[in-house]
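Inspection log for the structure reproduced underneath, given as structure tokens.
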Amino acid sequence: MEILRLENVTFRYPKAAASAVENINLVVESGEFVVICGESGCGKTTLLRLLKRELAPAGEKTGTVFYRGTPLEALDERTNAAQIGYVLQNPDNQIVTDKVWHELAFGLENLGVPTALIRRRVGEMASYFGIQNWFRKDTDQLSGGEKQLLNLASVMVMGPKVLILDEPTSQLDPIAASEFIATLHKLNRELGLTILLVEHRLEDVFPMADKVLVMEQGRALLYDTPGQVGRRLGELQKDHPMLLGLPSAVRLYNALASGGRHPRALSDPCPLTVKEGRDFLEKHFGGRVQESGEGLPGRMNSAASHEEAVIELDKVWFRYEKDLPDILRGLSLKVYRGETYCILGGNGTGKTTALNVISGLNKAYRGKVRIAGKLIKAYRGQSLYRENLAFLPQNPQTVFIRDKVRDDYREILDVWQVPKGQQGELVERMAEKIGVTHLLDKHPFDLSGGEQQKCALGKVLMSKPKILLLDEPTKGLDACSKHALGGLLGELKEEGMTILMVTHDVEFAAENADRCALFFDGEILSADVPELFFAENNFYTTAANRMARELWPYAVTCDQVARRCMELPEEEGL
Amino acid sequence: MKKWLSCGIFFVVIPAVVIGGAVLFQEKQYAWITLWVTVLSCVPFFFRFEKKENNAKRLILIAAMTALSVVGRILFMPLPGFKPVTAMVVITAMYFGGEAGFMTGALSAVISNFSFGQGPWTPFQMLSWGLIGFAAGLLAEPLKKNRVLLAVFGALSGAVYSFLMDIWTVLWADGTFNGARYAAALVSAAQFTLIYAVSNVIFLLLLAKPIGSILERIRTKYAL
Amino acid sequence: MKAFGNYHPAVLMVYFLSVLLVAMFVTNPVLQLSALSGGALFAMALERPGNWARDGAFYVPLFFMVAVTNPLFSHNGVTPLFFLNGNPVTLEAFVYGIAIGVMVIGVILWCKCYSRIMTSDKFLYLFGRIIPKLSLVLSMALRFIPMFKRQMHRVSRARRAMGLYAADSFTDKLKSRMSVFMAMIAWSLENAMETAASMKARGYGIKGRTNFSLFRFTARDGVLLSVCILLLGVTLVGTAMGEMAFYYYPRISHLNVTPLALFLYGAFGILSFLPFFVEIKGALIWKYYVWKM
């Protein structure tokens, strides 16, 4: 049964030259799990909001959205509020009240449901989602994952038939994100709930979907099963930017396709999951790879000289308060000049605390921290942050305080007492370098997540640092922005910047780091070049490596796997 | 029926309670009446707000401005006497009207006291801050245009706030209005009153414009 | 602990208002002392014993300050003790000062207990019916505060690491904090709009909103409420009859000790010691359970 139908839906924001959404025609069947993807600014969010009357943006709209055969505008407001559920991106911002139980009841209160019935429904929902243990807590005490689960539950309690989610996991750590996605999958399977989901991280979600909608510049580029989308996207355009965001197995398949070799492998359906990808590789390339003799890739001998350590931690201990447990427990670490060093590890292990100690925001109570050879204590005033060390925090919004990006950049120059006359040029030069010239006169909060990240990076770079610290730089970024960020970091490295970042993102680390380290229980357990580092991890490794490790243990990125496939001769024809 | 009931409460029960109490607690009838007048003067504002305010975005903004004024109190803790509450109330009123200002003021008082302790002073704080907000709402346009007026308003509201609160302190303690005690209270608090007034002026002059442009921006961006 | 806090918010509110009413507005010293001691015991029951001394160190000096200063301002009374700058310091004013001290400390202690017991969720529940929108705004503000505090912390760290945060002089401090404040305001108002979207998406603004709460009015609430109203009624009627009338000026009057007056003192005594009894009973019952296990 069809539940949603879009007929010639076009939408244009006031004063905008082009339509944000253009001529979308689409049918969603009841019980379908639809994943919507596209580069940022492609109109996904606008499309989703057009499906929820209360959130529909102001502007010029033509065409009709039908919900179960009735145009959206003609629906009764209660039906509309209850049956079409909408979950937004940021877990914090969606929570309205201060208590978990009240948040769960909020929607039902709005619908005017009597207290006794609310009690029952809220109890049922709390039990289904496993919220009962924190039912009476303050909403603020929850973790990000719990908050987003609460947001989902407080929409589900209203009994929606369609659930619309706009990047619900982008602010979550990988474990919380997969739990959230698993819950969605469960809702879809067990309750037959129709789900429309916009997501960046497609590794888990893509294979689950019944249909995938790929959007480009407001139009529907593809609307098909994941397998078909995986195959056809590459056919439409060999290096389509959206390919970057697809699961590793799909990317590998498309990389082979664009290389134009191994036609027999390509006649198989496109693999979607790690398991399918591994079977695919095994079937077509297994047994043809020499067991031994696989040399380590050249990045071993990177430009970084292993002589001069610019960040040096020697048995550092830290705790926030006297009576609290230690967060850093004898952490030792050396980052050499010109290298990109990635600290990986789970949530709450103290990675961010380590960055805070290195950036001088927190003081170790035992051990030594040296920055550029000098004890961190010996830096007076602001000298640590002047032409020396810069720190980009996790949330780029914390960096901005002015109305324009340009003024924010000038703020740094003002503090360094750069004459006004020279400021303009310095700002322009920085903007050009990181590619944000067109954003300089915009308000920081009007930018997309990726743009904000870039502009924030530009601001911290205004102090001409030699060492750059990044906390979770890929959080909330789509694949293209991540790729662009990787490129940018590469350029900075070329110029001699030493980069230390803390991240959950194994794929990003594998592609961009010179060395990776696993942080656990207050110290670093192992540090090595990514190829060796991931090859030795059994679980904590990239999807590409998990697919290919039987054949090529040292291949950790999709490109590396694809390259090795390409080097093999064609299969013997049958 | 419901309407009759509420009219009854308004015109019969409340006066009876006020007069009865005044007779009963003869020694402290001034304190008693002042307390009731204070509580009752908040009531029309509250009910008007309940009736009129339907926009979720405006409700959220009032909540956010209230929370900001409370958090600001913590942020400026190292600078003794510098509390941005009054400034935030005035600015809210300037851009969202006197009623929003009244609510921001009254709610800031209640919320601050959740952590600093509720007491018989709560209604007085609510009314004092609320009225400052309401007055700022009436003067919104001139306040936006004239910075001198804004500074004078800030200084005055700091002083008025202290004067009002001290009236209550004296009444409550003594039962009657004791001029000498009031004078003493004013003198002993003069230093704080002065800091209040000065900090209000500083906060208003520094914050009014930038916050105003943020609010205007939000207003256009989110179609308020 | 907090056995008393488990009663229904409406009952608690009526109770606190009753005690505060008498404590604040009745001048009879027996009633005032009984309110003070009831409040003090209740406050002690709610507080960890380790903090008793600390609180005492606050209340005792406050008491003396109020008591001693009164004769300086008030020259009523007919029994001068001595003269100060030509003004008489009277016995009556001195005694009245002590009475004010008892009243002020009593009221502050009761307010302290009130703040402990009437947490924001109970407050919101009570007012959620009368002024629903305002209560919602209050609830949202309470939800924002910890979130904004965290953001404040983040922004000031980010600015410190950019070398933009100085705290050397007063103006430096003011400037630095002001810019943190500005950044927070922009951030919070912008993000608040997403909260508004989330409210609307869940149907906020549809007519006929209900108010849900976890509180239920049970028989024991009914009992406490009736006891409370009865005792307050008795006290007020007694006051109205002039049975407990007491004057400080111009001359300190005699305390009435008729059987009726004693009965009335007893009634208010029970009222003001009620929460303390409830707390002690709760603690004892709990001890008994633990012991039985």
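Residues in the structure tokens are named by chain (A, B, ... in the order shown) and by number from 1 within that chain; ligands are numbered from 1 in the order shown.
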
Residues flagged alpha helix (DSSP H) by DSSP in stretch 242-451 of chain A, as an MDAnalysis selection string = chainID A and resid 248:259 263:266 274:285 351:358 405:415 420:434 449:451

Selection: 9 Å around A:Lys137, only C-alpha atoms, excl. self and same-chain fewer than 3 positions, as a VMD selection string = chain A and resid 98 to 101 133 to 134 140 to 142

Near chain B, 12 Å: chain A residue rows, closest pairs, only C-alpha atoms, as a Markdown table:
| residue | atom | partner | partner_atom | distance |
| --- | --- | --- | --- | --- |
| A:Tyr13 | CA | B:Lys221 | CA | 11.5 |
| A:Pro14 | CA | B:Lys221 | CA | 10.9 |
| A:Glu54 | CA | B:Ala56 | CA | 11.3 |
| A:Leu55 | CA | B:Tyr222 | CA | 11.0 |
| A:Ala56 | CA | B:Tyr222 | CA | 11.6 |
| A:Pro57 | CA | B:Tyr222 | CA | 9.0 |
| A:Ala58 | CA | B:Ala223 | CA | 8.0 |
| A:Gly59 | CA | B:Ala223 | CA | 11.0 |
| A:Asn93 | CA | B:Ile60 | CA | 11.2 |
| A:Gln94 | CA | B:Ile60 | CA | 11.7 |
| A:Ile95 | CA | B:Ile60 | CA | 11.6 |
| A:Val96 | CA | B:Ile60 | CA | 9.0 |
| A:Thr97 | CA | B:Ala63 | CA | 10.9 |
| A:Ile401 | CA | B:Pro210 | CA | 10.4 |
| A:Arg402 | CA | B:Pro210 | CA | 9.2 |
| A:Asp403 | CA | B:Ile214 | CA | 8.4 |
| A:Lys404 | CA | B:Ile214 | CA | 12.0 |
| A:His443 | CA | B:Arg217 | CA | 9.8 |
| A:Phe445 | CA | B:Ile218 | CA | 10.6 |
| A:Asp446 | CA | B:Lys221 | CA | 9.3 |

Residues near B:Leu107, cut-off 9 Å, only C-alpha atoms, skip fewer than 2 positions along chain, as a PDB file with N, CA and C atoms, in the first residue's frame:
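That gives us selection_9.pdb:
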ATOM      1  N   ALA B  63      12.305  31.396  27.090  1.00  0.00           N
ATOM      2  CA  ALA B  63      12.975  30.401  27.934  1.00  0.00           C
ATOM      3  C   ALA B  63      14.490  30.547  27.800  1.00  0.00           C
ATOM      4  N   THR B  66      15.796  33.681  29.492  1.00  0.00           N
ATOM      5  CA  THR B  66      15.772  33.473  30.943  1.00  0.00           C
ATOM      6  C   THR B  66      16.969  32.627  31.370  1.00  0.00           C
ATOM      7  N   PHE B 102       8.545  41.081  31.024  1.00  0.00           N
ATOM      8  CA  PHE B 102       8.041  40.787  32.365  1.00  0.00           C
ATOM      9  C   PHE B 102       8.281  39.323  32.712  1.00  0.00           C
ATOM     10  N   MET B 103       7.949  38.454  31.754  1.00  0.00           N
ATOM     11  CA  MET B 103       8.086  37.016  32.014  1.00  0.00           C
ATOM     12  C   MET B 103       9.548  36.630  32.223  1.00  0.00           C
ATOM     13  N   THR B 104      10.408  37.171  31.374  1.00  0.00           N
ATOM     14  CA  THR B 104      11.835  36.850  31.516  1.00  0.00           C
ATOM     15  C   THR B 104      12.314  37.267  32.905  1.00  0.00           C
ATOM     16  N   GLY B 105      11.895  38.453  33.337  1.00  0.00           N
ATOM     17  CA  GLY B 105      12.301  38.917  34.651  1.00  0.00           C
ATOM     18  C   GLY B 105      11.762  38.039  35.764  1.00  0.00           C
ATOM     19  N   ALA B 109      13.883  35.304  38.265  1.00  0.00           N
ATOM     20  CA  ALA B 109      13.882  35.346  39.725  1.00  0.00           C
ATOM     21  C   ALA B 109      13.575  33.965  40.293  1.00  0.00           C
ATOM     22  N   VAL B 110      12.517  33.343  39.757  1.00  0.00           N
ATOM     23  CA  VAL B 110      12.147  32.018  40.278  1.00  0.00           C
ATOM     24  C   VAL B 110      13.296  31.036  40.091  1.00  0.00           C
ATOM     25  N   ILE B 111      13.876  31.040  38.887  1.00  0.00           N
ATOM     26  CA  ILE B 111      14.898  30.029  38.591  1.00  0.00           C
ATOM     27  C   ILE B 111      16.172  30.276  39.385  1.00  0.00           C
ATOM     28  N   SER B 112      16.600  31.538  39.476  1.00  0.00           N
ATOM     29  CA  SER B 112      17.778  31.825  40.298  1.00  0.00           C
ATOM     30  C   SER B 112      17.570  31.270  41.687  1.00  0.00           C
ATOM     31  N   MET B 126      10.359  38.726  41.686  1.00  0.00           N
ATOM     32  CA  MET B 126       9.624  38.498  40.431  1.00  0.00           C
ATOM     33  C   MET B 126       9.000  39.796  39.939  1.00  0.00           C
ATOM     34  N   GLY B 130      10.222  41.862  36.843  1.00  0.00           N
ATOM     35  CA  GLY B 130       9.156  41.858  35.852  1.00  0.00           C
ATOM     36  C   GLY B 130       8.783  43.269  35.430  1.00  0.00           C
TER      37      GLY B 130
ATOM     38  N   LEU C 134       3.431  29.154  30.930  1.00  0.00           N
ATOM     39  CA  LEU C 134       4.523  29.681  31.725  1.00  0.00           C
ATOM     40  C   LEU C 134       5.315  28.533  32.358  1.00  0.00           C
ATOM     41  N   VAL C 137       7.527  27.112  29.773  1.00  0.00           N
ATOM     42  CA  VAL C 137       8.689  27.979  29.568  1.00  0.00           C
ATOM     43  C   VAL C 137       9.702  27.755  30.695  1.00  0.00           C
ATOM     44  N   LEU C 138       9.199  27.634  31.896  1.00  0.00           N
ATOM     45  CA  LEU C 138      10.066  27.399  33.042  1.00  0.00           C
ATOM     46  C   LEU C 138      10.802  26.069  32.886  1.00  0.00           C
ATOM     47  N   ALA C 141      13.434  26.427  30.314  1.00  0.00           N
ATOM     48  CA  ALA C 141      14.573  27.190  30.815  1.00  0.00           C
ATOM     49  C   ALA C 141      15.427  26.313  31.723  1.00  0.00           C
TER      50      ALA C 141
END

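Minimum atom-to-atom distance to chain B, evaluated using only C-alpha atoms, belongs to C:Gly242 out of C:Pro61, C:Gly163, C:Gly242, C:Gly222.
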
Could you pull the residues within 10 Å of C:Phe273, counting only C-alpha atoms, minus those fewer than 2 positions along the same chain, as a PDB file with N, CA, C and O atoms, in the first residue's frame?
ATOM      1  N   SER C  34       8.013  27.736  68.352  1.00  0.00           N
ATOM      2  CA  SER C  34       7.657  26.401  67.891  1.00  0.00           C
ATOM      3  C   SER C  34       7.917  26.270  66.394  1.00  0.00           C
ATOM      4  O   SER C  34       8.424  25.243  65.931  1.00  0.00           O
ATOM      5  N   ALA C  35       7.638  27.327  65.623  1.00  0.00           N
ATOM      6  CA  ALA C  35       7.949  27.297  64.187  1.00  0.00           C
ATOM      7  C   ALA C  35       9.454  27.187  63.983  1.00  0.00           C
ATOM      8  O   ALA C  35       9.936  26.398  63.158  1.00  0.00           O
ATOM      9  N   LEU C  36      10.215  27.957  64.768  1.00  0.00           N
ATOM     10  CA  LEU C  36      11.667  27.932  64.616  1.00  0.00           C
ATOM     11  C   LEU C  36      12.218  26.545  64.925  1.00  0.00           C
ATOM     12  O   LEU C  36      12.989  25.982  64.141  1.00  0.00           O
ATOM     13  N   SER C  37      11.778  25.960  66.049  1.00  0.00           N
ATOM     14  CA  SER C  37      12.385  24.675  66.402  1.00  0.00           C
ATOM     15  C   SER C  37      11.928  23.575  65.445  1.00  0.00           C
ATOM     16  O   SER C  37      12.720  22.709  65.062  1.00  0.00           O
ATOM     17  N   GLY C  38      10.636  23.622  65.032  1.00  0.00           N
ATOM     18  CA  GLY C  38      10.180  22.638  64.048  1.00  0.00           C
ATOM     19  C   GLY C  38      10.987  22.746  62.775  1.00  0.00           C
ATOM     20  O   GLY C  38      11.432  21.737  62.215  1.00  0.00           O
ATOM     21  N   GLY C  39      11.177  23.972  62.300  1.00  0.00           N
ATOM     22  CA  GLY C  39      11.939  24.188  61.061  1.00  0.00           C
ATOM     23  C   GLY C  39      13.374  23.733  61.225  1.00  0.00           C
ATOM     24  O   GLY C  39      13.935  23.091  60.329  1.00  0.00           O
ATOM     25  N   ALA C  40      13.977  24.055  62.379  1.00  0.00           N
ATOM     26  CA  ALA C  40      15.374  23.688  62.584  1.00  0.00           C
ATOM     27  C   ALA C  40      15.536  22.175  62.585  1.00  0.00           C
ATOM     28  O   ALA C  40      16.442  21.635  61.943  1.00  0.00           O
ATOM     29  N   LEU C  41      14.634  21.481  63.298  1.00  0.00           N
ATOM     30  CA  LEU C  41      14.751  20.017  63.345  1.00  0.00           C
ATOM     31  C   LEU C  41      14.559  19.412  61.954  1.00  0.00           C
ATOM     32  O   LEU C  41      15.276  18.495  61.558  1.00  0.00           O
ATOM     33  N   PHE C  42      13.582  19.943  61.223  1.00  0.00           N
ATOM     34  CA  PHE C  42      13.326  19.433  59.874  1.00  0.00           C
ATOM     35  C   PHE C  42      14.552  19.673  58.987  1.00  0.00           C
ATOM     36  O   PHE C  42      15.018  18.766  58.275  1.00  0.00           O
ATOM     37  N   PHE C 268      -0.572  24.044  67.034  1.00  0.00           N
ATOM     38  CA  PHE C 268       0.430  24.541  66.092  1.00  0.00           C
ATOM     39  C   PHE C 268       1.759  23.791  66.263  1.00  0.00           C
ATOM     40  O   PHE C 268       2.487  23.570  65.299  1.00  0.00           O
ATOM     41  N   GLY C 269       2.025  23.406  67.518  1.00  0.00           N
ATOM     42  CA  GLY C 269       3.242  22.622  67.761  1.00  0.00           C
ATOM     43  C   GLY C 269       3.246  21.362  66.915  1.00  0.00           C
ATOM     44  O   GLY C 269       4.235  21.043  66.237  1.00  0.00           O
ATOM     45  N   ILE C 270       2.105  20.652  66.900  1.00  0.00           N
ATOM     46  CA  ILE C 270       2.030  19.436  66.088  1.00  0.00           C
ATOM     47  C   ILE C 270       2.265  19.780  64.627  1.00  0.00           C
ATOM     48  O   ILE C 270       3.037  19.117  63.930  1.00  0.00           O
ATOM     49  N   LEU C 271       1.629  20.878  64.179  1.00  0.00           N
ATOM     50  CA  LEU C 271       1.767  21.264  62.772  1.00  0.00           C
ATOM     51  C   LEU C 271       3.239  21.499  62.427  1.00  0.00           C
ATOM     52  O   LEU C 271       3.735  21.009  61.419  1.00  0.00           O
ATOM     53  N   PRO C 275       6.649  17.439  59.842  1.00  0.00           N
ATOM     54  CA  PRO C 275       7.611  16.864  58.901  1.00  0.00           C
ATOM     55  C   PRO C 275       8.766  16.176  59.603  1.00  0.00           C
ATOM     56  O   PRO C 275       9.233  15.130  59.137  1.00  0.00           O
ATOM     57  N   PHE C 276       9.169  16.734  60.730  1.00  0.00           N
ATOM     58  CA  PHE C 276      10.250  16.103  61.465  1.00  0.00           C
ATOM     59  C   PHE C 276       9.832  14.706  61.911  1.00  0.00           C
ATOM     60  O   PHE C 276      10.573  13.738  61.751  1.00  0.00           O
ATOM     61  N   PHE C 277       8.595  14.586  62.455  1.00  0.00           N
ATOM     62  CA  PHE C 277       8.089  13.274  62.852  1.00  0.00           C
ATOM     63  C   PHE C 277       8.081  12.323  61.657  1.00  0.00           C
ATOM     64  O   PHE C 277       8.481  11.168  61.765  1.00  0.00           O
ATOM     65  N   VAL C 278       7.598  12.837  60.529  1.00  0.00           N
ATOM     66  CA  VAL C 278       7.499  11.972  59.345  1.00  0.00           C
ATOM     67  C   VAL C 278       8.884  11.479  58.933  1.00  0.00           C
ATOM     68  O   VAL C 278       9.077  10.296  58.637  1.00  0.00           O
TER      69      VAL C 278
END

Can you tell me which residues surround stretch 107-119 of chain A at a distance of at most 9 Å, considering only C-alpha atoms, apart from same-chain residues fewer than 4 positions away, and format the answer as a PDB file with C-alpha atoms, in the first residue's frame?
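Saved to result_22.pdb:
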ATOM      1  CA  ARG A  78      -3.771  15.908  14.949  1.00  0.00           C
ATOM      2  CA  ALA A  81       1.297  15.707  14.136  1.00  0.00           C
ATOM      3  CA  ALA A  82       0.892  12.151  15.344  1.00  0.00           C
ATOM      4  CA  GLU A 103       9.815  14.589  27.414  1.00  0.00           C
ATOM      5  CA  GLY A 123       5.380   3.203  30.227  1.00  0.00           C
ATOM      6  CA  GLU A 124       5.084   0.988  27.198  1.00  0.00           C
ATOM      7  CA  SER A 154       9.195  10.605  22.310  1.00  0.00           C
ATOM      8  CA  VAL A 155       8.212  10.692  18.648  1.00  0.00           C
ATOM      9  CA  VAL A 157       5.036   7.363  21.586  1.00  0.00           C
ATOM     10  CA  MET A 158       2.660   9.352  19.404  1.00  0.00           C
TER      11      MET A 158
ATOM     12  CA  MET C 199       8.026  21.127  19.616  1.00  0.00           C
ATOM     13  CA  ALA C 201       6.792  18.536  14.993  1.00  0.00           C
ATOM     14  CA  ARG C 202       5.248  16.920  18.034  1.00  0.00           C
ATOM     15  CA  GLY C 203       2.071  18.918  17.717  1.00  0.00           C
ATOM     16  CA  TYR C 204       2.669  21.778  20.110  1.00  0.00           C
ATOM     17  CA  GLY C 205       0.017  24.429  19.643  1.00  0.00           C
ATOM     18  CA  ILE C 206      -2.929  22.120  18.989  1.00  0.00           C
ATOM     19  CA  LYS C 207      -5.902  23.142  21.108  1.00  0.00           C
ATOM     20  CA  GLY C 208      -6.769  21.150  24.210  1.00  0.00           C
ATOM     21  CA  ARG C 209      -3.349  20.368  25.589  1.00  0.00           C
ATOM     22  CA  THR C 210      -3.323  18.176  28.704  1.00  0.00           C
ATOM     23  CA  ASN C 211      -0.838  18.099  31.546  1.00  0.00           C
ATOM     24  CA  PHE C 212       0.765  14.843  32.450  1.00  0.00           C
ATOM     25  CA  SER C 213       2.530  14.145  35.700  1.00  0.00           C
ATOM     26  CA  LEU C 214       3.800  11.239  37.688  1.00  0.00           C
TER      27      LEU C 214
END

Computed interatomic separation between atom CA of B:Ile202 and atom CA of B:Ile91 (Å) =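 Interatomic distance, atom CA of B:Ile202 to atom CA of B:Ile91: 13.1 Å.
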
Identify, on the basis of only C-alpha atoms, every residue whose closest approach to B:Glu27 does not exceed 9 Å; exclude the query and any residue fewer than 4 positions from it along the same chain; express the result as a ChimeraX atom specification.
-> /B:22-23,175-176 /C:25-27,247

For each of C:Ser272, C:Ser156, C:Ser226, C:Thr171, take the minimum atom-to-atom distance to chain A, counting only C-alpha atoms, then give the residue where this is smallest.
->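 Ranked by minimum distance to chain A, first place goes to C:Ser156.
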
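For stretch 162-169 of chain A, the list of residues within 7 Å, based on only C-alpha atoms and with local chain neighbours fewer than 2 positions off taken out, reads Thr45, Gln83, Ile84, Gly85, Tyr86, Val87, Leu88, Gln89, Pro160, Gln171, Leu172, Ala177, Leu193, Thr194, Ile195, Leu196, Leu197, Val198, Glu199 and His200 of chain A.
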
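If you measure from each of C:Leu72, C:Ile285, C:Ile145, C:Leu236 to B:Ser108 using only C-alpha atoms, the closest one turns out to be C:Ile145.
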
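Among the candidates C:Trp291, C:Phe263, C:Trp187, C:Tyr248, the residue lying nearest to chain A is C:Trp187 (atoms considered: only C-alpha atoms).
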